[in-house]
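Everything below concerns the one structure shown next.
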Amino acid sequence: MARKGRKRRGRSSTPAVPKTQICTIVDELGNMGLVLLLFETPSGFAIFNIDGVQLFLPKAEEVIWLKEFKTFKDKSNAFNHTGINSELAQMIKKWHLPGQKLAVGKQEHKSVIEQKLKISCLFNDAVMEVMWGIKHLMKSLVPQEESELPMEERLQMSYGLKTVLNRHGFNVKPEMVNERIIDTACVLYDCDLCETKHSEFFLSAGECIMEVSGIACQGWSLMKIATALKVLYDPETDIVYDDPESMLSKDELLRLKADARLYDGKLLKRTGAAVYNEIVWAREVKDDAIRLLNILVHEDGDAATPENSVPPGRGDHALTLPSLKVEKTRRSTCGNA
């Protein structure tokens, strides 16, 4: 029996998406949004189940698990001029449910399967992002596969990886990509997702601050709002500004401390404190990741833009990322960024 493998990306689910949009995606995919995925390995093929709804959301947390892996003596004959190998066809039919979509990594596979097996297939950019992630994590997701993918195939630049790196000012050519750059970029993605998932919470908190204290928070950074909430939750604590973006003016600080009691029942203090700690942690990890990427990219001959360097005194304790975080990124795909 195939060993079950599961991977998750990021610390949390996607930003809020209208339920009507999700229901529409589920209806289009059928089978409650569960998609079958055919992945070609060096010596055979693997069948996975994947939460297909995540393929169509702005930021996805992908959940995927292995159903079966099978080696083929002559894999090149699995798809041929007559159609599809009977052994592979039986493997697909074994796991395919009526009306279920099948995600594939090649246009020719889509054409043959739809023509010969009458199974509707998905082949698009989102699917290719997932395929790239599986290639990168093949050893953990398909442990039965003993052969290695060629390095140039495993480390190609995916759209998601390129997007994350570009977002933070890194110009990395595909031939420069290595395992450490991929892992560190996944940490950046994780930190971005951490901030994104709390965006609505901070938006509502900013509106509450305006309503109660008359302080306009438009244009404030996420870290500045987080710092304001920290003052409201614990007005007696001295605030240390490690990040210029989090700095409150003297008048803002005094007003928030004076009004702290007025927020009782309006803001969830325990939730706010937990969110503050998580955001600060994510920002520290992000700084370390950017610092490390500056070094890694510079070593490969193309330094990042200066404005994305970690300020002196921040992140000096770590030129490698926290081991727990790096281990977590080994289950990431960096796609759909």
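As shown in the structure tokens, the chain order sets the letters A, B, ...; within each chain, residues go from 1, and ligands are also counted from 1 in the order they appear.
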
Write down as a PyMOL selection string the residues belonging to range 79-259 of chain A that are assigned helix (DSSP H, G or I) by DSSP computed on the backbone. chain A and resi 86-95+107-116+125-136+138-141+151-154+159-167+174-176+179-197+199-213+222-233+244-246+250-259

Which residues in range 40-265 of chain A does DSSP call strand (DSSP E or B)? List them as a ChimeraX atom specification. /A:40,44-51,64-71,79-80,83-84,102-103,121-122,264

Determine the nearest neighbour of Gly206 in chain A from the options A:Asp190, A:Val142, A:Leu267, A:Asn178, counting only C-alpha atoms.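 Answer, going by the shortest atom-to-atom distance: A:Leu267.
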
Residue contacts of Met131 in chain A (10 Å, only C-alpha atoms) excluding same-chain residues fewer than 2 positions away, as a list in words: Leu37, Leu38, Phe39, Glu40, Ala103, Val104, Gly105, Asp125, Ala126, Val127, Met128, Glu129, Gly133, Ile134, Lys135, His136, Leu137, Met138, Ser158, Thr333 and Gly335 of chain A

Show which residues sit within 12 Å of Met210 in chain A, as a PyMOL selection string. Count only C-alpha atoms, and ignore same-chain residues fewer than 6 positions away. chain A and resi 203-204+216-218+225+228+252+255-256+259+263

Residues at most 8 Å from Lys286 in chain A, counting only C-alpha atoms, excluding those fewer than 3 positions away in the same chain, as a list of chain:residue names?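 Selected residues are A:Val187, A:Leu188, A:Cys191, A:Ala282, A:Arg283, A:Ala289, A:Ile290.
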
Let me make sure I understand: among A:Val130, A:Cys23, A:Cys194, A:Met91, which one has the smallest atom-to-atom distance to Tyr159 in chain A if we use only C-alpha atoms? A:Val130

Name the residues in contact with Glu148 in chain A at a cut-off of 9 Å, using only C-alpha atoms, excluding same-chain residues fewer than 5 positions from it; report them as an MDAnalysis selection string. chainID A and resid 41:42 138:139

Counting only C-alpha atoms, what is within 6 Å of Gly44 in chain A, bar same-chain residues fewer than 3 positions away, as a PyMOL selection string? chain A and resi 41+70-72

Please write the residues from the selection above to a file, keeping N, CA, C and O atoms, as a PDB file, in the first residue's frame.
```
ATOM      1  N   THR A  41       7.719  10.742 -12.672  1.00  0.00           N
ATOM      2  CA  THR A  41       9.008  10.680 -11.984  1.00  0.00           C
ATOM      3  C   THR A  41      10.051  10.086 -12.930  1.00  0.00           C
ATOM      4  O   THR A  41       9.710   9.645 -14.037  1.00  0.00           O
ATOM      5  N   LYS A  70       4.095   3.869  -9.053  1.00  0.00           N
ATOM      6  CA  LYS A  70       4.422   2.638  -9.780  1.00  0.00           C
ATOM      7  C   LYS A  70       5.557   2.920 -10.755  1.00  0.00           C
ATOM      8  O   LYS A  70       5.564   3.933 -11.453  1.00  0.00           O
ATOM      9  N   THR A  71       6.535   2.015 -10.759  1.00  0.00           N
ATOM     10  CA  THR A  71       7.629   2.129 -11.726  1.00  0.00           C
ATOM     11  C   THR A  71       7.227   1.411 -13.011  1.00  0.00           C
ATOM     12  O   THR A  71       6.432   0.474 -13.004  1.00  0.00           O
ATOM     13  N   PHE A  72       7.813   1.874 -14.120  1.00  0.00           N
ATOM     14  CA  PHE A  72       7.550   1.291 -15.432  1.00  0.00           C
ATOM     15  C   PHE A  72       8.880   0.910 -16.079  1.00  0.00           C
ATOM     16  O   PHE A  72       9.814   1.716 -16.088  1.00  0.00           O
TER      17      PHE A  72
END
```

note - CA of Glu145 in chain A and CA of Phe45 in chain A are separated by 9.5 Å

Atomic separation - CA of Lys173 in chain A relative to CA of Glu108 in chain A, Å: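 About the pair CA of Glu108 in chain A and CA of Lys173 in chain A: they are 28.3 Å apart.
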
Nearest to Lys197 in chain A among A:Glu87, A:Glu278, A:Asp74, A:Asp251, with distances taken over only C-alpha atoms: which residue is it? A:Glu278

So the first atom is CA of Leu141 in chain A and the second is CA of Leu161 in chain A; what is the distance between them in Å, to one decimal place?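 A separation of 19.5 Å between them.
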
Just checking: using only C-alpha atoms, which residue out of A:Val280, A:Val212, A:Leu262, A:Val172 ends up closest to Lys224 in chain A?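 Going through A:Val280, A:Val212, A:Leu262, A:Val172 one by one, the smallest distance to Lys224 in chain A is for A:Val280.
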